[in-house]
Each structure stands twice: as structure tokens, then as C-alpha cells.
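Q: Dumping the structure here so I can ask a few things about it.
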Amino acid sequence: MQQPTTFGSFLGNAPVVHIVRGALARNRLPHAIIFAGPSGVGKRTLAWLVAQRINCLSPAGEDACGACRSCLKIISDLVRADNGQAGNHPDIREIRPEGTVIRIEQIRALINEVAFEPFEARYRFAILDGADQMKTETANSLLKTLEEPPSRTYLILITSNPYSLLPTIRSRCRLLQFGGLPQQEIEEYLIGVQNFDSKKARLAASFSNGSLGAALLFNSEHYPKVRKQALLFVQLLLSPSSRFTEASRLSALQYKDKDGFQPWMESVMALLQDVYFAQVAPERMGQSDIGDELTQLAASVPRSRIVSAIEAMKTLKKELVRNLNRQIALESLYLSRQG
């Protein structure tokens with residue numbers, strides 16, 4: 001993925017970028033910040049842009065120059081981090097979960113480092129990517145550093161679920177909430193920057209659920225198989241007279257497919273969205289290769305039923321975070337749509 005080099009080239013979440021740029025311009029950036037929001041919307045990317053700007057030796061207005069010794073070293077470390085390698089910059093550290101958790105030893109090492117003045121940069125900068133993966137003891141060990149941050153030190157905690165962080169952690173940080181990216185912006189980025197053809201870009205964008213990361217990982221060769229199963233479920237969901245046994249069978253198949261469940265869910269959402277667009281704005285349909293089939297389905301269903309199904313799927317996605325039984329949840333969703 002080609003990384004943005006300036007705040008102006010950062011995709012989406014303009015309100016968050018505006019707040020960050022304003023804080024940097026006034027030299028009032030909080031020493032502890034939480035970047036919260038869905039995965040794949042640029043939280044980590046923006047954190048690295050801030051680290052680069054705040055340590056740039058020759059800032060170009062509100063942006064880093066991208067060419068000084070400090071910028072080049074930070075850019076190099078970002079590439080290394082993307083490849084799973086340790087960075088070379090002594091004052092820029094990114095911490096990620098080792099396995100499934102951020103270990104207390106990682107946080108203790110960070111605390112020991114920030115107790116000293118920066119070695120060569122203007123400011124020490126730590127990015128905790130997956131901050132919600134700290135256990136209670138680990139999170140508590142970070143509290144004093146957040147409450148009384150050492151001078152010339154900044155910490156950015158990145159999470160998809162800020163409310164899984166301890167309240168004591170949240171209270172010591174400035175929370176900035178990211179949102180999903182508009183489908184059109186993702187589509188334009190894929191075409192203009194990543195050189196996707198327009199058909200694949202539209203399909204990937206409609207499947208992304210607002211996540212650029214998901215759009216970039218979209219597998220156009222595997223998707224037709226996923227979509228075929230998803231379309232069967234959508235047809236059952238929208239029909240007031242379909243059979244429960246068939247819906248239960250499809251739910252059981254998805255329950256067993258652990259790796260494929262999330263792509264299937266996103267495909268159901270994308271198809272429902274396109275059925276809605278087939279009624280109100282056909283030009284916005286992302287999956288034009290099956291446009292005729294979706295248009296026929298849309299013509300047979302009241303708009304209120306489509307909207308209700310979309311809202312029900314959104315609710316289901318939130319509930320599944322609580323580790324509900326997926327088969328039972330899907331069957332319950334189907335039954336709630338009948339009658």
C-alpha cells in the first residue's frame with residue numbers, strides 16, 4: 001500500500017485530521033491520545049504522520065518535509081514495521097501485540113525508555129497499535145506514564161474498541177474517534193492511487209464496509225463463491241415466504257466456516273446495499289455484473305423491508321462482538337424478518 005506523505009493526502013476522517021493539524025500548528029498536541037475507530041481507516045497511518053511531522057527538521061507548513069534526516073529515518077522505520085521488522089530510530093517505537101496480547105514486559109521496557117531524554121529526535125514517540133489487547137495488570141503499569149508523561153514524549157494508543165480500555169486509561173488520554181470512509185472515496189483511491197480497474201475498484205469499495213484496508217485485501221477471484229452463498233441468504237432474508245430449513249442450513253454452513261464468516265457477512269451487507277440502490281439510485285450499485293439479478297430482486301420487495309434488513313444486519317454485527325453463537329444469531333435474524 002502506498003502510504004500518504006502529507007496530511008492533505010490522508011484519505012478520509014477530515015475532522016480528526018483537522019484537530020491534529022490544529023494542535024500541531026499551535027504546539028498543543030496532547031501527550032497522550034487515543035485513536036479509536038474501525039480497522040483499516042488509517043489510525044496507525046495518521047499516528048506515523050504525526051510522529052514524522054513533530055520531529056521534522058524542516059517542516060513544510062503544516063506537513064513534514066519528507067526529505068530531512070529525521071523524516072527519512074522515520075519513513076524507513078514505517079516500511080520496516082510494515083514488514084514486521086524492528087525499527088532503527090532510537091526514539092520512535094511501535095508496540096504491537098505479541099501473539100494475542102501486549103505483554104507487560106513490552107510496556108515496562110517502554111516506560112524505562114521514556115524516562116530518559118530523546119537520544120536524537122526532538123521528541124520520543126510511542127505508538128501502541130492494538131492497545132485494547134493489554135491485560136489489566138499491563139494497562140495499570142502504564143497509568144503513571146500517562147498521568148505524568150515525561151517531557152518531550154508523546155504516546156498514541158490505537159484501538160478499534162476504546163471502551164475495552166480501562167476507564168482510567170481513557171480518562172488520561174484525549175480520545176479522537178475515526179469513522180468509516182465513504183465508498184466513493186475508497187473507489188477513487190483504488191483507481192487513482194492503487195491502479196485498480198474501475199469494475200474491481202467499485203466492487204472492492206462496496207465490499208469494504210468503509211475500510212480501506214479491507215478494500216485493498218479484497219480477493220476478486222474468491223469473492224464470487226462467497227457472494228453466491230451470501231446472495232442465497234439475502235434472497236431468503238427479503239422473502240416473507242421462504243423456508244426456515246433452508247435459512248438454517250445456510251446459517252450452519254457459515255457457522256462452520258470460521259475464516260470465511262466475516263467476508264460472507266460483509267458480502268451480505270454489500271448485497272443488501274446494492275438491492276437498496278437498485279431501487280433508489282441504480283448508478284450507485286457496486287456489483288453491476290449481477291445488476292439484472294439484483295434489480296429483479298429489488299422490484300419484488302418493498303423498500304421498507306430492505307431498509308429493515310440492513311438495519312437488522314448492522315445490529316447483528318454489533319451483537320456478534322459479544323461472541324454469540326453465530327448460527328443461532330443468524331437463524332434468529334431470519335425468523336425476526338418473517339411474518
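Identifiers in this document derive from the order of the C-alpha cells: chains are assigned A, B, ..., residues are numbered from 1 separately in each chain, and ligands are numbered from 1 in order of occurrence.
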Could I get the residues of range 125-231 of chain A with an atom no further than 6 Å from an atom of range 24-41 of chain A, each paired with its nearest atom pair and that distance in Å to one decimal, using only C-alpha atoms, sorted by chain and residue number, as a Markdown table?

A:
```
| residue | atom | partner | partner_atom | distance |
| --- | --- | --- | --- | --- |
| A:Tyr154 | CA | A:His31 | CA | 4.5 |
| A:Leu155 | CA | A:Ala32 | CA | 4.9 |
| A:Ile156 | CA | A:Ile33 | CA | 4.8 |
| A:Leu157 | CA | A:Ile34 | CA | 4.7 |
| A:Ile158 | CA | A:Phe35 | CA | 4.9 |
| A:Thr159 | CA | A:Ala36 | CA | 5.0 |
| A:Ser160 | CA | A:Gly37 | CA | 4.8 |
| A:Pro162 | CA | A:Ala36 | CA | 5.9 |
| A:Cys173 | CA | A:Ile33 | CA | 4.9 |
| A:Arg174 | CA | A:Ile33 | CA | 4.6 |
| A:Leu175 | CA | A:Ile34 | CA | 4.7 |
| A:Leu176 | CA | A:Phe35 | CA | 5.2 |
| A:Gln177 | CA | A:Ala36 | CA | 4.9 |
| A:Phe178 | CA | A:Gly37 | CA | 4.6 |
| A:Gly179 | CA | A:Gly37 | CA | 5.8 |
| A:Ser211 | CA | A:Gly40 | CA | 4.7 |
| A:Leu212 | CA | A:Gly40 | CA | 5.3 |
| A:Gly213 | CA | A:Gly40 | CA | 4.1 |
```

Q: For the residues selected in the previous step, produce a file with C-alpha atoms as a PDB file, in the first residue's frame.

A:
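Heads up, here's the output in out-v7.pdb:
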```pdb
ATOM      1  CA  TYR A 154       4.109  11.515  23.085  1.00  0.00           C
ATOM      2  CA  LEU A 155       2.037   8.341  23.190  1.00  0.00           C
ATOM      3  CA  ILE A 156      -0.736   7.362  20.782  1.00  0.00           C
ATOM      4  CA  LEU A 157      -2.912   4.362  21.657  1.00  0.00           C
ATOM      5  CA  ILE A 158      -4.709   2.761  18.714  1.00  0.00           C
ATOM      6  CA  THR A 159      -7.850   0.683  19.176  1.00  0.00           C
ATOM      7  CA  SER A 160     -10.984  -0.442  17.382  1.00  0.00           C
ATOM      8  CA  PRO A 162     -11.952   2.279  23.068  1.00  0.00           C
ATOM      9  CA  CYS A 173      -5.920  10.469  27.115  1.00  0.00           C
ATOM     10  CA  ARG A 174      -7.557  12.686  24.514  1.00  0.00           C
ATOM     11  CA  LEU A 175      -9.926  10.456  22.536  1.00  0.00           C
ATOM     12  CA  LEU A 176     -10.234  11.055  18.791  1.00  0.00           C
ATOM     13  CA  GLN A 177     -12.888   8.959  17.067  1.00  0.00           C
ATOM     14  CA  PHE A 178     -12.370   7.816  13.463  1.00  0.00           C
ATOM     15  CA  GLY A 179     -15.242   6.741  11.234  1.00  0.00           C
ATOM     16  CA  SER A 211     -12.388   0.200   5.494  1.00  0.00           C
ATOM     17  CA  LEU A 212      -9.630   0.998   3.009  1.00  0.00           C
ATOM     18  CA  GLY A 213      -7.638  -1.879   4.458  1.00  0.00           C
TER      19      GLY A 213
END
```

Q: Among range 147-230 of chain A, which residues carry a DSSP assignment of strand (DSSP E), reported as a list in words?

A: Thr153, Tyr154, Leu155, Ile156, Leu157, Ile158, Thr159, Arg174, Leu175, Leu176 and Gln177 of chain A

Q: Would you save the residues of that selection, restricted to C-alpha atoms, as a compact mmCIF listing (two decimals), in the first residue's frame?

A:
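This went into part_20.txt:
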```
# COMPACT_ATOMS: atom_id res chain seq x y z
CA THR A 153 7.33 12.34 24.96
CA TYR A 154 4.11 11.52 23.09
CA LEU A 155 2.04 8.34 23.19
CA ILE A 156 -0.74 7.36 20.78
CA LEU A 157 -2.91 4.36 21.66
CA ILE A 158 -4.71 2.76 18.71
CA THR A 159 -7.85 0.68 19.18
CA ARG A 174 -7.56 12.69 24.51
CA LEU A 175 -9.93 10.46 22.54
CA LEU A 176 -10.23 11.06 18.79
CA GLN A 177 -12.89 8.96 17.07
```

Q: May I ask which of the residues A:Gly87, A:Arg303, A:Leu11, A:Asp77 is the closest one to Gly210 in chain A, counting only C-alpha atoms?

A: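 Using only C-alpha atoms, the shortest distance to Gly210 in chain A belongs to A:Leu11.
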
Q: Could you tell me, as a ChimeraX atom specification, which residues of range 36-196 of chain A DSSP assigns to alpha helix (DSSP H) when given the backbone?

A: /A:43-55,69-82,104-114,136-147,167-170,183-192

Q: Residues of the last selection are to be written out with C-alpha atoms, as a PDB file, in the first residue's frame.

A:
```pdb
ATOM      1  CA  LYS A  43      -5.453   5.314  12.545  1.00  0.00           C
ATOM      2  CA  ARG A  44      -1.949   3.855  12.522  1.00  0.00           C
ATOM      3  CA  THR A  45      -1.005   5.737   9.347  1.00  0.00           C
ATOM      4  CA  LEU A  46      -2.008   9.071  10.883  1.00  0.00           C
ATOM      5  CA  ALA A  47      -0.054   8.272  14.044  1.00  0.00           C
ATOM      6  CA  TRP A  48       3.120   7.785  11.980  1.00  0.00           C
ATOM      7  CA  LEU A  49       2.429  11.030  10.075  1.00  0.00           C
ATOM      8  CA  VAL A  50       2.221  12.873  13.404  1.00  0.00           C
ATOM      9  CA  ALA A  51       5.483  11.311  14.592  1.00  0.00           C
ATOM     10  CA  GLN A  52       7.160  12.405  11.369  1.00  0.00           C
ATOM     11  CA  ARG A  53       5.781  15.962  11.467  1.00  0.00           C
ATOM     12  CA  ILE A  54       6.609  16.607  15.095  1.00  0.00           C
ATOM     13  CA  ASN A  55      10.216  15.532  14.581  1.00  0.00           C
ATOM     14  CA  ARG A  69      17.411  13.132   8.021  1.00  0.00           C
ATOM     15  CA  SER A  70      14.685  12.687  10.644  1.00  0.00           C
ATOM     16  CA  CYS A  71      11.873  12.219   8.092  1.00  0.00           C
ATOM     17  CA  LEU A  72      13.832   9.704   6.046  1.00  0.00           C
ATOM     18  CA  LYS A  73      14.661   7.669   9.120  1.00  0.00           C
ATOM     19  CA  ILE A  74      11.038   7.602  10.308  1.00  0.00           C
ATOM     20  CA  ILE A  75       9.759   6.729   6.819  1.00  0.00           C
ATOM     21  CA  SER A  76      12.282   3.890   6.687  1.00  0.00           C
ATOM     22  CA  ASP A  77      11.106   2.625  10.081  1.00  0.00           C
ATOM     23  CA  LEU A  78       7.482   2.636   8.931  1.00  0.00           C
ATOM     24  CA  VAL A  79       8.446   0.417   5.987  1.00  0.00           C
ATOM     25  CA  ARG A  80      10.318  -1.871   8.374  1.00  0.00           C
ATOM     26  CA  ALA A  81       7.323  -2.009  10.730  1.00  0.00           C
ATOM     27  CA  ASP A  82       5.036  -2.876   7.809  1.00  0.00           C
ATOM     28  CA  ILE A 104       3.695  -6.254  30.483  1.00  0.00           C
ATOM     29  CA  GLU A 105       7.389  -6.636  29.633  1.00  0.00           C
ATOM     30  CA  GLN A 106       6.833  -4.567  26.463  1.00  0.00           C
ATOM     31  CA  ILE A 107       5.218  -1.759  28.471  1.00  0.00           C
ATOM     32  CA  ARG A 108       7.897  -1.855  31.181  1.00  0.00           C
ATOM     33  CA  ALA A 109      10.581  -1.544  28.519  1.00  0.00           C
ATOM     34  CA  LEU A 110       8.753   1.457  27.055  1.00  0.00           C
ATOM     35  CA  ILE A 111       8.443   3.097  30.493  1.00  0.00           C
ATOM     36  CA  ASN A 112      12.173   2.684  31.063  1.00  0.00           C
ATOM     37  CA  GLU A 113      12.943   4.253  27.678  1.00  0.00           C
ATOM     38  CA  VAL A 114      10.738   7.339  28.043  1.00  0.00           C
ATOM     39  CA  THR A 136      -5.463  -5.215  33.357  1.00  0.00           C
ATOM     40  CA  GLU A 137      -2.067  -5.538  35.031  1.00  0.00           C
ATOM     41  CA  THR A 138      -0.312  -4.365  31.867  1.00  0.00           C
ATOM     42  CA  ALA A 139      -2.651  -1.407  31.414  1.00  0.00           C
ATOM     43  CA  ASN A 140      -2.255  -0.393  35.064  1.00  0.00           C
ATOM     44  CA  SER A 141       1.517  -0.333  34.652  1.00  0.00           C
ATOM     45  CA  LEU A 142       1.101   2.382  32.015  1.00  0.00           C
ATOM     46  CA  LEU A 143      -1.114   4.671  34.119  1.00  0.00           C
ATOM     47  CA  LYS A 144       1.583   6.731  35.818  1.00  0.00           C
ATOM     48  CA  THR A 145       3.317   7.410  32.494  1.00  0.00           C
ATOM     49  CA  LEU A 146       0.025   8.596  31.002  1.00  0.00           C
ATOM     50  CA  GLU A 147      -0.815  10.724  34.039  1.00  0.00           C
ATOM     51  CA  PRO A 167     -11.653   3.845  32.235  1.00  0.00           C
ATOM     52  CA  THR A 168      -8.512   5.057  33.995  1.00  0.00           C
ATOM     53  CA  ILE A 169      -6.630   4.798  30.687  1.00  0.00           C
ATOM     54  CA  ARG A 170      -9.339   6.665  28.751  1.00  0.00           C
ATOM     55  CA  GLN A 183     -17.425   4.266  -0.511  1.00  0.00           C
ATOM     56  CA  GLN A 184     -16.823   6.778  -3.311  1.00  0.00           C
ATOM     57  CA  GLU A 185     -13.558   7.990  -1.731  1.00  0.00           C
ATOM     58  CA  ILE A 186     -12.306   4.418  -1.423  1.00  0.00           C
ATOM     59  CA  GLU A 187     -13.240   3.689  -5.015  1.00  0.00           C
ATOM     60  CA  GLU A 188     -11.474   6.816  -6.306  1.00  0.00           C
ATOM     61  CA  TYR A 189      -8.370   5.998  -4.255  1.00  0.00           C
ATOM     62  CA  LEU A 190      -8.221   2.432  -5.574  1.00  0.00           C
ATOM     63  CA  ILE A 191      -8.429   3.672  -9.171  1.00  0.00           C
ATOM     64  CA  GLY A 192      -6.214   6.744  -8.888  1.00  0.00           C
TER      65      GLY A 192
END
```

Q: Near range 273-290 of chain A, within 8 Å and counting only C-alpha atoms, which residues show up once chain neighbours fewer than 3 positions away are dropped, as a list in words?

A: Arg202, Leu203, Ala205, Ser206, Met269, Ala270, Glu293, Leu294, Thr295, Leu297, Ala298, Ala299, Arg303, Ile306, Val307 and Ile310 of chain A

Q: Restricting it to C-alpha atoms, dump the selection as a CSV table (one decimal), in the first residue's frame.

A:
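Contents of the output file result-v8.csv:
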```csv
chain,number,residue,atom,x,y,z
A,202,ARG,CA,-16.3,-0.4,-7.3
A,203,LEU,CA,-16.7,-4.0,-6.1
A,205,ALA,CA,-15.2,-0.4,-2.3
A,206,SER,CA,-18.8,-1.7,-1.9
A,269,MET,CA,-24.3,-6.3,3.7
A,270,ALA,CA,-22.9,-5.2,0.3
A,293,GLU,CA,-30.5,-10.2,-10.8
A,294,LEU,CA,-30.3,-7.6,-8.0
A,295,THR,CA,-32.8,-5.3,-9.9
A,297,LEU,CA,-34.9,-8.9,-6.5
A,298,ALA,CA,-35.4,-5.2,-5.7
A,299,ALA,CA,-38.5,-5.0,-7.8
A,303,ARG,CA,-38.2,-0.7,0.2
A,306,ILE,CA,-34.8,-3.8,2.5
A,307,VAL,CA,-34.0,-0.9,4.9
A,310,ILE,CA,-30.0,-3.6,6.5
```

Q: Work out how far CA of Glu94 in chain A is from CA of Ile127 in chain A, in Å to one decimal.

A: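 These atoms are spaced 4.7 Å apart.
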
Q: How many Å separate CA of Lys225 in chain A from CA of Leu316 in chain A?

A: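 Computed distance, CA of Lys225 in chain A to CA of Leu316 in chain A, equals 22.7 Å.
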
Q: Give me, please, the distance in Å between CA of Lys317 in chain A and CA of Gly291 in chain A, quoted to one decimal.

A: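 Distance reported for this atom pair: 25.7 Å.
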
Q: Which one of A:Asn219, A:Ser151, A:Ser171, A:Gln262 sits closest to Pro118 in chain A if you count only C-alpha atoms?

A: A:Ser151
